[in-house]
Amino acid sequence: MDSIIEVQRHTHEEMEYFERALYTILSRPQPTQEARLQTEHKAAQLLDRLSTRATELYNLYEDRDAHKTEIDSLTSAQPQDLSAFYNRLGRIQEHYAKYPDAVVAGFDPELSVFLEETTEDVGDEEYEEDDPIALLFSGEEGYGKYLDLYANHTAYNNLKNIGKRLGYLQYLDVLLGAQSAPLHSDLSKDCRLTRDYELYIKALHAYLISFTKRAQPLVDVESRQREAEAQFSKQWDADEIEGWEESRQSKPTTNGNNAEGIWCSACQKMYSKQTVYDAHLTSKKHVKATAKQATSEPPPTNPNGPAAAIHTTNGTSTPPAKSKHRTAALLTHLTTQLLVSLSPVLTETKSNVERRFSLTAREREQELLEQAQPPQVPAAAAGEAGAEEEEEEERIYNPLKLPLGWDGKPIPYWLYKLHGLGVEYRCEICSDHVYMGRKNFDRHFQESRHAFGMRALGLPNTKHFHEITRIEDALALAEKLKREGRNEIFEQETMEELEDEEGNVYNRKTYEDLKKQGLI
């Protein structure tokens, strides 16, 4: 088929079929997260095909020479002579007879793949194996509901000069703070200007890009990143990026003292004190560097000095380290933009982590078993059940801030009042830790936190000190027991300590008493 007009018509018809299929897919109900994600991935694939066809059609319309040749061949014949028309018609019919798949109906099987339902049998054990979308996410990501940032959290805590190490929930709070301030703006310059920080922020940015493409396939994340990069370039050239301004204080380029130390041109190293600099002059490394410097080209001067600065047209100088750290600053800016767009997912991730922390080990195992073995339900009821569960999860209303139960929902208010969970009990021995409810307060006297506090005071964690929460009272009671001649009790009960399966530490007597009562 050599007619450019026929190719254009065929391309228009294909695009119309794809648009109808896209409308059909997007008009379906999406009761669950799985159904929504499958629909969006199919829609993204159809949009890619539509974009390819549109590009091809644009190139065909831009080929004006081919159009002119085609029109000339159609208008050159006489009105009475229809032989040219029938010749062209014959070639077109011969082409489609030889290539029957060239007609639009030829890619009906391709469209049927997009239009078929993939959630016909939710209870089938092979459903997850046959679902290619489920293979894109890890178990922690929960089919695109949550973020898996444990590896990034570990890398963050391993950074140099970070100061205080954070727990996972605190790390999520730091990422949520990117909505109001640039990411990691609270870190010191000594930490952000290191190679380790650049590798960390690069890995975090790569993961967030990957997750966005997998969990939000209809979002054009690449265009957003290009816009954010262009905005960053303007601000960087104007030196408006907060927290990345470089010091313009100059340093000497030869050996000498200044407020920041002594520079050795042979070793290419800065020494903070005169005594350290004098001591290194006799080292083998300095002798080798001096000999090499004498036989080779002059070494580079102090990179922090004015001679290494880049002079601009207006006479000002820019330290070369500023461009060196541009990559880390750019990745930090781009990651901040991604975290702002993923803030709902990040909030859900934090809520899920808090819920899982509130579960016991047995409840967590039960939850994993339920996830591994989905209930067998009819196909007709599967959609309705999934829709009701999704609506219940979205409609959880907890204005009283009640604790969450094993199922992730707030416990009843009567149970909250029955256990006195609204009453605070503070223990000074446990570093002023607050326990909610009388039951938790009574239990904590035999836990590791209270036992550690008693050991720090040099006191035994025995039944004599039960209900004692103030350090002053505990010391006074210990003195009283000693005056009454109970040193033997102290020695016997503090001689040996035992630990149960949950990590709680007891002395032997307390351990045996609790074991007899069946509490451990």
# chains A, B, ... in the order shown; residues from 1 in each chain; ligands from 1
>>> residues_around(residues="Asn440 (chain A)", least_positions_apart="3", cutoff="10 Å", atoms="only C-alpha atoms", output="PyMOL selection string")
chain A and resi 419-421+425+434-437+443-445
>>> write_last_selection(atoms="all heavy atoms", output="compact mmCIF listing (two decimals), in the first residue's frame")
# COMPACT_ATOMS: atom_id res chain seq x y z
N HIS A 419 -10.53 -0.10 81.02
CA HIS A 419 -9.13 -0.31 81.33
C HIS A 419 -8.43 0.98 81.79
O HIS A 419 -7.23 0.95 82.08
CB HIS A 419 -8.39 -0.87 80.11
CG HIS A 419 -8.80 -2.27 79.77
ND1 HIS A 419 -8.43 -3.36 80.53
CD2 HIS A 419 -9.54 -2.76 78.75
CE1 HIS A 419 -8.93 -4.47 80.01
NE2 HIS A 419 -9.61 -4.14 78.92
N GLY A 420 -9.18 2.07 81.84
CA GLY A 420 -8.58 3.32 82.31
C GLY A 420 -7.44 3.80 81.45
O GLY A 420 -6.44 4.32 81.97
N LEU A 421 -7.57 3.62 80.12
CA LEU A 421 -6.47 4.00 79.22
C LEU A 421 -6.31 5.50 79.08
O LEU A 421 -5.35 5.97 78.47
CB LEU A 421 -6.69 3.37 77.85
CG LEU A 421 -6.70 1.83 77.83
CD1 LEU A 421 -6.93 1.33 76.42
CD2 LEU A 421 -5.39 1.29 78.37
N TYR A 425 0.05 7.41 84.10
CA TYR A 425 0.88 7.04 85.24
C TYR A 425 2.33 7.27 84.86
O TYR A 425 2.83 6.65 83.92
CB TYR A 425 0.65 5.57 85.62
CG TYR A 425 -0.75 5.27 86.12
CD1 TYR A 425 -1.75 4.90 85.23
CD2 TYR A 425 -1.05 5.35 87.47
CE1 TYR A 425 -3.03 4.63 85.67
CE2 TYR A 425 -2.34 5.07 87.93
CZ TYR A 425 -3.32 4.72 87.03
OH TYR A 425 -4.59 4.45 87.47
N VAL A 434 5.65 7.64 80.58
CA VAL A 434 4.22 7.70 80.92
C VAL A 434 3.56 6.41 80.45
O VAL A 434 3.71 6.00 79.30
CB VAL A 434 3.55 8.92 80.27
CG1 VAL A 434 2.05 8.92 80.56
CG2 VAL A 434 4.18 10.21 80.80
N TYR A 435 2.81 5.77 81.34
CA TYR A 435 2.06 4.55 81.02
C TYR A 435 0.57 4.88 81.06
O TYR A 435 0.07 5.46 82.02
CB TYR A 435 2.39 3.44 82.02
CG TYR A 435 3.84 3.01 81.98
CD1 TYR A 435 4.79 3.62 82.81
CD2 TYR A 435 4.26 2.04 81.10
CE1 TYR A 435 6.12 3.25 82.75
CE2 TYR A 435 5.60 1.66 81.04
CZ TYR A 435 6.52 2.27 81.87
OH TYR A 435 7.84 1.89 81.80
N MET A 436 -0.13 4.47 79.99
CA MET A 436 -1.55 4.75 79.88
C MET A 436 -2.33 3.55 80.40
O MET A 436 -2.25 2.46 79.85
CB MET A 436 -1.93 5.03 78.42
CG MET A 436 -1.14 6.16 77.78
SD MET A 436 -1.33 7.74 78.65
CE MET A 436 -3.08 8.05 78.41
N GLY A 437 -3.08 3.75 81.48
CA GLY A 437 -3.90 2.69 82.04
C GLY A 437 -3.22 1.98 83.20
O GLY A 437 -2.00 1.83 83.24
N ARG A 443 2.02 -3.72 85.02
CA ARG A 443 2.86 -4.68 84.29
C ARG A 443 4.29 -4.17 84.13
O ARG A 443 5.23 -4.95 84.05
CB ARG A 443 2.23 -4.95 82.93
CG ARG A 443 2.91 -6.05 82.13
CD ARG A 443 2.33 -6.11 80.73
NE ARG A 443 0.88 -6.30 80.78
CZ ARG A 443 0.09 -6.10 79.73
NH1 ARG A 443 0.60 -5.67 78.60
NH2 ARG A 443 -1.21 -6.31 79.84
N HIS A 444 4.47 -2.86 84.10
CA HIS A 444 5.79 -2.32 83.75
C HIS A 444 6.82 -2.55 84.85
O HIS A 444 8.02 -2.46 84.60
CB HIS A 444 5.66 -0.82 83.44
CG HIS A 444 6.10 0.08 84.56
ND1 HIS A 444 5.26 0.41 85.61
CD2 HIS A 444 7.28 0.72 84.80
CE1 HIS A 444 5.89 1.21 86.43
NE2 HIS A 444 7.12 1.43 85.97
N PHE A 445 6.37 -2.85 86.09
CA PHE A 445 7.34 -3.05 87.17
C PHE A 445 8.20 -4.30 86.94
O PHE A 445 9.29 -4.41 87.51
CB PHE A 445 6.62 -3.16 88.52
CG PHE A 445 6.07 -1.85 89.00
CD1 PHE A 445 4.73 -1.55 88.86
CD2 PHE A 445 6.90 -0.91 89.59
CE1 PHE A 445 4.22 -0.34 89.30
CE2 PHE A 445 6.41 0.31 90.05
CZ PHE A 445 5.06 0.59 89.89
>>> residues_around(residues="Asn504 (chain A)", least_positions_apart="3", cutoff="9 Å", atoms="only C-alpha atoms", output="MDAnalysis selection string")
chainID A and resid 446:449 451 498:501
>>> write_last_selection(atoms="N, CA and C atoms", output="CSV table (one decimal), in the first residue's frame")
chain,number,residue,atom,x,y,z
A,446,GLN,N,7.7,-5.2,86.1
A,446,GLN,CA,8.5,-6.4,85.8
A,446,GLN,C,9.1,-6.4,84.4
A,447,GLU,N,9.1,-5.3,83.7
A,447,GLU,CA,9.6,-5.2,82.4
A,447,GLU,C,11.0,-4.7,82.5
A,448,SER,N,11.7,-4.8,81.3
A,448,SER,CA,13.2,-4.5,81.3
A,448,SER,C,13.5,-3.0,81.5
A,449,ARG,N,12.6,-2.1,81.1
A,449,ARG,CA,12.8,-0.7,81.3
A,449,ARG,C,12.9,-0.3,82.8
A,451,ALA,N,13.4,-2.5,85.3
A,451,ALA,CA,14.5,-3.2,85.9
A,451,ALA,C,15.8,-2.6,85.6
A,498,LEU,N,17.4,-13.5,85.7
A,498,LEU,CA,16.9,-14.4,84.6
A,498,LEU,C,16.1,-13.5,83.6
A,499,GLU,N,16.1,-14.0,82.4
A,499,GLU,CA,15.4,-13.3,81.3
A,499,GLU,C,14.4,-14.3,80.6
A,500,ASP,N,13.1,-13.8,80.4
A,500,ASP,CA,12.1,-14.6,79.8
A,500,ASP,C,12.2,-14.5,78.3
A,501,GLU,N,11.2,-15.1,77.6
A,501,GLU,CA,11.3,-15.2,76.1
A,501,GLU,C,11.1,-13.8,75.4
>>> atom_distance(atom1="CA of Gln8 (chain A)", atom2="CA of Leu22 (chain A)")
21.0 Å
>>> atom_distance(atom1="CA of Leu457 (chain A)", atom2="CA of Arg165 (chain A)")
26.7 Å
>>> closest_residue(among="A:Gln225, A:Asn507, A:Thr212, A:Thr24", to="Val345 (chain A)", atoms="only C-alpha atoms")
A:Thr212
>>> atom_distance(atom1="CA of Ala289 (chain A)", atom2="CA of Val276 (chain A)")
17.0 Å
>>> residues_around(residues="region 324-339 of chain A", least_positions_apart="5", cutoff="6 Å", atoms="only C-alpha atoms", output="MDAnalysis selection string")
chainID A and resid 178 183 198 205
>>> write_last_selection(atoms="N, CA, C and O atoms", output="CSV table (one decimal), in the first residue's frame")
chain,number,residue,atom,x,y,z
A,178,ALA,N,9.1,17.5,54.6
A,178,ALA,CA,9.5,18.1,53.3
A,178,ALA,C,8.4,18.9,52.7
A,178,ALA,O,8.7,19.7,51.8
A,183,LEU,N,14.0,19.1,52.1
A,183,LEU,CA,14.4,17.9,52.8
A,183,LEU,C,15.8,17.9,53.4
A,183,LEU,O,16.7,18.4,52.8
A,198,GLU,N,25.4,12.1,49.3
A,198,GLU,CA,25.1,12.1,47.9
A,198,GLU,C,24.6,10.8,47.4
A,198,GLU,O,23.6,10.6,46.7
A,205,HIS,N,16.0,9.1,45.9
A,205,HIS,CA,15.4,9.7,44.7
A,205,HIS,C,15.0,8.6,43.7
A,205,HIS,O,13.9,8.6,43.1
>>> residues_around(residues="Asp473 (chain A)", least_positions_apart="3", cutoff="12 Å", atoms="only C-alpha atoms", output="ChimeraX atom specification")
/A:427-429,457,459,464-470,476-480
>>> write_last_selection(atoms="C-alpha atoms", output="mmCIF file, in the first residue's frame")
data_model
loop_
_atom_site.group_PDB
_atom_site.id
_atom_site.type_symbol
_atom_site.label_atom_id
_atom_site.label_comp_id
_atom_site.auth_asym_id
_atom_site.auth_seq_id
_atom_site.Cartn_x
_atom_site.Cartn_y
_atom_site.Cartn_z
ATOM 1 C CA CYS A 427 7.396 6.597 86.569
ATOM 2 C CA GLU A 428 10.483 8.634 87.505
ATOM 3 C CA ILE A 429 12.638 5.501 87.704
ATOM 4 C CA LEU A 457 20.104 3.063 91.155
ATOM 5 C CA LEU A 459 18.630 -1.419 93.933
ATOM 6 C CA HIS A 464 9.272 -4.538 98.217
ATOM 7 C CA PHE A 465 9.636 -1.769 95.612
ATOM 8 C CA HIS A 466 6.336 -2.443 93.841
ATOM 9 C CA GLU A 467 4.270 0.749 93.317
ATOM 10 C CA ILE A 468 7.392 2.876 94.005
ATOM 11 C CA THR A 469 7.866 5.290 91.100
ATOM 12 C CA ARG A 470 9.949 8.110 92.622
ATOM 13 C CA ALA A 476 14.497 5.818 101.290
ATOM 14 C CA LEU A 477 12.818 2.400 101.280
ATOM 15 C CA ALA A 478 16.150 0.709 100.578
ATOM 16 C CA GLU A 479 17.718 2.432 103.583
ATOM 17 C CA LYS A 480 14.799 1.374 105.754
#
>>> residues_around(residues="Tyr150 (chain A)", least_positions_apart="2", cutoff="12 Å", atoms="only C-alpha atoms", output="mmCIF file with all heavy atoms, in the first residue's frame")
data_model
loop_
_atom_site.group_PDB
_atom_site.id
_atom_site.type_symbol
_atom_site.label_atom_id
_atom_site.label_comp_id
_atom_site.auth_asym_id
_atom_site.auth_seq_id
_atom_site.Cartn_x
_atom_site.Cartn_y
_atom_site.Cartn_z
ATOM 1 N N GLU A 140 6.118 -5.322 51.687
ATOM 2 C CA GLU A 140 5.994 -4.141 52.538
ATOM 3 C C GLU A 140 5.217 -3.027 51.860
ATOM 4 O O GLU A 140 4.575 -2.201 52.529
ATOM 5 C CB GLU A 140 7.386 -3.639 52.936
ATOM 6 C CG GLU A 140 7.406 -2.574 54.009
ATOM 7 C CD GLU A 140 6.966 -3.102 55.360
ATOM 8 O OE1 GLU A 140 7.150 -4.308 55.616
ATOM 9 O OE2 GLU A 140 6.431 -2.301 56.149
ATOM 10 N N GLU A 141 5.245 -2.969 50.526
ATOM 11 C CA GLU A 141 4.567 -1.897 49.794
ATOM 12 C C GLU A 141 3.069 -2.129 49.671
ATOM 13 O O GLU A 141 2.329 -1.184 49.358
ATOM 14 C CB GLU A 141 5.193 -1.739 48.411
ATOM 15 C CG GLU A 141 6.595 -1.172 48.452
ATOM 16 C CD GLU A 141 7.279 -1.181 47.101
ATOM 17 O OE1 GLU A 141 6.895 -2.008 46.244
ATOM 18 O OE2 GLU A 141 8.202 -0.383 46.889
ATOM 19 N N TYR A 146 1.741 1.495 50.351
ATOM 20 C CA TYR A 146 2.707 2.044 51.294
ATOM 21 C C TYR A 146 4.095 2.098 50.657
ATOM 22 O O TYR A 146 4.359 1.461 49.633
ATOM 23 C CB TYR A 146 2.762 1.180 52.572
ATOM 24 C CG TYR A 146 1.413 0.795 53.104
ATOM 25 C CD1 TYR A 146 0.989 -0.539 53.094
ATOM 26 C CD2 TYR A 146 0.547 1.754 53.610
ATOM 27 C CE1 TYR A 146 -0.260 -0.902 53.580
ATOM 28 C CE2 TYR A 146 -0.705 1.402 54.090
ATOM 29 C CZ TYR A 146 -1.108 0.071 54.068
ATOM 30 O OH TYR A 146 -2.339 -0.267 54.545
ATOM 31 N N LEU A 147 4.971 2.857 51.290
ATOM 32 C CA LEU A 147 6.367 2.977 50.870
ATOM 33 C C LEU A 147 7.238 2.050 51.711
ATOM 34 O O LEU A 147 6.996 1.863 52.907
ATOM 35 C CB LEU A 147 6.851 4.422 51.037
ATOM 36 C CG LEU A 147 6.260 5.454 50.075
ATOM 37 C CD1 LEU A 147 6.528 6.860 50.582
ATOM 38 C CD2 LEU A 147 6.819 5.295 48.679
ATOM 39 N N ASP A 148 8.241 1.492 51.086
ATOM 40 C CA ASP A 148 9.204 0.627 51.769
ATOM 41 C C ASP A 148 10.531 1.387 51.872
ATOM 42 O O ASP A 148 11.360 1.358 50.961
ATOM 43 C CB ASP A 148 9.376 -0.677 50.995
ATOM 44 C CG ASP A 148 10.279 -1.660 51.734
ATOM 45 O OD1 ASP A 148 10.688 -1.336 52.864
ATOM 46 O OD2 ASP A 148 10.570 -2.733 51.175
ATOM 47 N N ASN A 152 16.508 2.885 53.027
ATOM 48 C CA ASN A 152 16.904 4.297 53.061
ATOM 49 C C ASN A 152 17.059 4.791 54.493
ATOM 50 O O ASN A 152 17.931 5.625 54.778
ATOM 51 C CB ASN A 152 15.862 5.139 52.323
ATOM 52 C CG ASN A 152 15.625 4.664 50.905
ATOM 53 O OD1 ASN A 152 14.620 4.010 50.644
ATOM 54 N ND2 ASN A 152 16.536 4.957 50.008
ATOM 55 N N HIS A 153 16.241 4.281 55.398
ATOM 56 C CA HIS A 153 16.360 4.657 56.813
ATOM 57 C C HIS A 153 17.701 4.186 57.381
ATOM 58 O O HIS A 153 18.369 4.924 58.110
ATOM 59 C CB HIS A 153 15.194 4.049 57.594
ATOM 60 C CG HIS A 153 15.362 4.112 59.063
ATOM 61 N ND1 HIS A 153 15.423 2.989 59.866
ATOM 62 C CD2 HIS A 153 15.504 5.159 59.921
ATOM 63 C CE1 HIS A 153 15.593 3.339 61.114
ATOM 64 N NE2 HIS A 153 15.632 4.649 61.192
ATOM 65 N N THR A 154 18.108 2.977 57.014
ATOM 66 C CA THR A 154 19.400 2.471 57.479
ATOM 67 C C THR A 154 20.549 3.303 56.919
ATOM 68 O O THR A 154 21.505 3.639 57.637
ATOM 69 C CB THR A 154 19.564 1.000 57.065
ATOM 70 O OG1 THR A 154 18.469 0.240 57.593
ATOM 71 C CG2 THR A 154 20.865 0.427 57.579
ATOM 72 N N ALA A 155 20.474 3.646 55.625
ATOM 73 C CA ALA A 155 21.521 4.467 55.012
ATOM 74 C C ALA A 155 21.578 5.855 55.658
ATOM 75 O O ALA A 155 22.653 6.428 55.831
ATOM 76 C CB ALA A 155 21.279 4.587 53.510
ATOM 77 N N TYR A 156 20.424 6.397 56.023
ATOM 78 C CA TYR A 156 20.385 7.719 56.669
ATOM 79 C C TYR A 156 21.090 7.682 58.028
ATOM 80 O O TYR A 156 21.859 8.578 58.364
ATOM 81 C CB TYR A 156 18.936 8.158 56.824
ATOM 82 C CG TYR A 156 18.749 9.437 57.607
ATOM 83 C CD1 TYR A 156 18.887 10.678 57.002
ATOM 84 C CD2 TYR A 156 18.434 9.402 58.965
ATOM 85 C CE1 TYR A 156 18.725 11.852 57.723
ATOM 86 C CE2 TYR A 156 18.271 10.563 59.689
ATOM 87 C CZ TYR A 156 18.418 11.784 59.059
ATOM 88 O OH TYR A 156 18.259 12.936 59.779
ATOM 89 N N ASN A 157 20.821 6.633 58.808
ATOM 90 C CA ASN A 157 21.438 6.536 60.132
ATOM 91 C C ASN A 157 22.938 6.276 60.057
ATOM 92 O O ASN A 157 23.653 6.492 61.046
ATOM 93 C CB ASN A 157 20.762 5.423 60.938
ATOM 94 C CG ASN A 157 19.454 5.881 61.548
ATOM 95 O OD1 ASN A 157 19.237 7.077 61.756
ATOM 96 N ND2 ASN A 157 18.562 4.950 61.813
ATOM 97 N N LEU A 166 17.796 8.258 64.237
ATOM 98 C CA LEU A 166 16.343 8.285 64.332
ATOM 99 C C LEU A 166 15.764 6.890 64.183
ATOM 100 O O LEU A 166 16.316 6.040 63.476
ATOM 101 C CB LEU A 166 15.755 9.193 63.244
ATOM 102 C CG LEU A 166 16.250 10.634 63.198
ATOM 103 C CD1 LEU A 166 15.594 11.372 62.050
ATOM 104 C CD2 LEU A 166 15.963 11.347 64.511
ATOM 105 N N GLY A 167 14.623 6.665 64.841
ATOM 106 C CA GLY A 167 13.848 5.461 64.601
ATOM 107 C C GLY A 167 13.093 5.572 63.284
ATOM 108 O O GLY A 167 13.056 6.636 62.642
ATOM 109 N N TYR A 168 12.445 4.474 62.894
ATOM 110 C CA TYR A 168 11.775 4.472 61.584
ATOM 111 C C TYR A 168 10.614 5.470 61.549
ATOM 112 O O TYR A 168 10.437 6.192 60.554
ATOM 113 C CB TYR A 168 11.280 3.061 61.273
ATOM 114 C CG TYR A 168 10.781 2.905 59.856
ATOM 115 C CD1 TYR A 168 11.626 3.135 58.776
ATOM 116 C CD2 TYR A 168 9.473 2.538 59.590
ATOM 117 C CE1 TYR A 168 11.185 2.995 57.475
ATOM 118 C CE2 TYR A 168 9.018 2.385 58.291
ATOM 119 C CZ TYR A 168 9.878 2.619 57.238
ATOM 120 O OH TYR A 168 9.424 2.484 55.937
ATOM 121 N N LEU A 169 9.826 5.533 62.607
ATOM 122 C CA LEU A 169 8.721 6.489 62.636
ATOM 123 C C LEU A 169 9.229 7.928 62.635
ATOM 124 O O LEU A 169 8.652 8.804 61.964
ATOM 125 C CB LEU A 169 7.857 6.247 63.874
ATOM 126 C CG LEU A 169 6.870 5.076 63.788
ATOM 127 C CD1 LEU A 169 6.186 4.866 65.129
ATOM 128 C CD2 LEU A 169 5.839 5.318 62.701
ATOM 129 N N TYR A 171 11.984 8.883 61.277
ATOM 130 C CA TYR A 171 12.477 9.118 59.911
ATOM 131 C C TYR A 171 11.327 9.460 58.965
ATOM 132 O O TYR A 171 11.456 10.342 58.104
ATOM 133 C CB TYR A 171 13.216 7.876 59.430
ATOM 134 C CG TYR A 171 13.749 7.970 58.015
ATOM 135 C CD1 TYR A 171 14.809 8.809 57.694
ATOM 136 C CD2 TYR A 171 13.187 7.217 56.999
ATOM 137 C CE1 TYR A 171 15.294 8.897 56.409
ATOM 138 C CE2 TYR A 171 13.665 7.292 55.702
ATOM 139 C CZ TYR A 171 14.720 8.131 55.414
ATOM 140 O OH TYR A 171 15.191 8.212 54.129
ATOM 141 N N LEU A 172 10.187 8.791 59.132
ATOM 142 C CA LEU A 172 9.017 9.113 58.309
ATOM 143 C C LEU A 172 8.534 10.531 58.603
ATOM 144 O O LEU A 172 8.089 11.243 57.691
ATOM 145 C CB LEU A 172 7.905 8.104 58.560
ATOM 146 C CG LEU A 172 8.177 6.661 58.110
ATOM 147 C CD1 LEU A 172 6.991 5.762 58.452
ATOM 148 C CD2 LEU A 172 8.469 6.585 56.615
ATOM 149 N N LEU A 204 17.529 7.334 47.475
ATOM 150 C CA LEU A 204 16.166 7.710 47.871
ATOM 151 C C LEU A 204 15.394 8.272 46.690
ATOM 152 O O LEU A 204 14.215 7.936 46.472
ATOM 153 C CB LEU A 204 16.227 8.728 49.011
ATOM 154 C CG LEU A 204 14.884 9.268 49.520
ATOM 155 C CD1 LEU A 204 14.011 8.129 50.040
ATOM 156 C CD2 LEU A 204 15.107 10.318 50.609
ATOM 157 N N TYR A 207 14.428 5.450 44.279
ATOM 158 C CA TYR A 207 13.326 4.627 44.773
ATOM 159 C C TYR A 207 11.988 5.347 44.633
ATOM 160 O O TYR A 207 10.983 4.746 44.225
ATOM 161 C CB TYR A 207 13.559 4.239 46.231
ATOM 162 C CG TYR A 207 12.345 3.571 46.840
ATOM 163 C CD1 TYR A 207 12.018 2.264 46.516
ATOM 164 C CD2 TYR A 207 11.507 4.272 47.714
ATOM 165 C CE1 TYR A 207 10.895 1.656 47.051
ATOM 166 C CE2 TYR A 207 10.375 3.674 48.242
ATOM 167 C CZ TYR A 207 10.079 2.362 47.917
ATOM 168 O OH TYR A 207 8.950 1.765 48.428
ATOM 169 N N THR A 349 1.610 5.266 55.051
ATOM 170 C CA THR A 349 2.717 4.405 55.478
ATOM 171 C C THR A 349 2.977 4.554 56.971
ATOM 172 O O THR A 349 3.163 3.559 57.690
ATOM 173 C CB THR A 349 3.989 4.753 54.687
ATOM 174 O OG1 THR A 349 3.729 4.608 53.283
ATOM 175 C CG2 THR A 349 5.138 3.846 55.081
ATOM 176 N N VAL A 353 2.578 1.630 59.861
ATOM 177 C CA VAL A 353 3.680 1.233 60.743
ATOM 178 C C VAL A 353 3.265 1.345 62.208
ATOM 179 O O VAL A 353 3.560 0.466 63.025
ATOM 180 C CB VAL A 353 4.926 2.104 60.456
ATOM 181 C CG1 VAL A 353 6.021 1.825 61.475
ATOM 182 C CG2 VAL A 353 5.443 1.831 59.052
#
>>> select_by_dssp(residues="region 133-246 of chain A", states="helix (DSSP H, G or I)", output="VMD selection string")
chain A and resid 134 to 136 150 to 157 168 to 179 189 to 192 195 to 215 221 to 237
>>> residues_around(residues="Val219 (chain A)", least_positions_apart="5", cutoff="12 Å", atoms="only C-alpha atoms", output="list in words")
Glu40, His41, Ala43, Ala44, Leu47, Ile209, Phe211, Thr212, Lys213, Arg214, Arg224, Gln225, Leu338, Ser341 and Leu342 of chain A
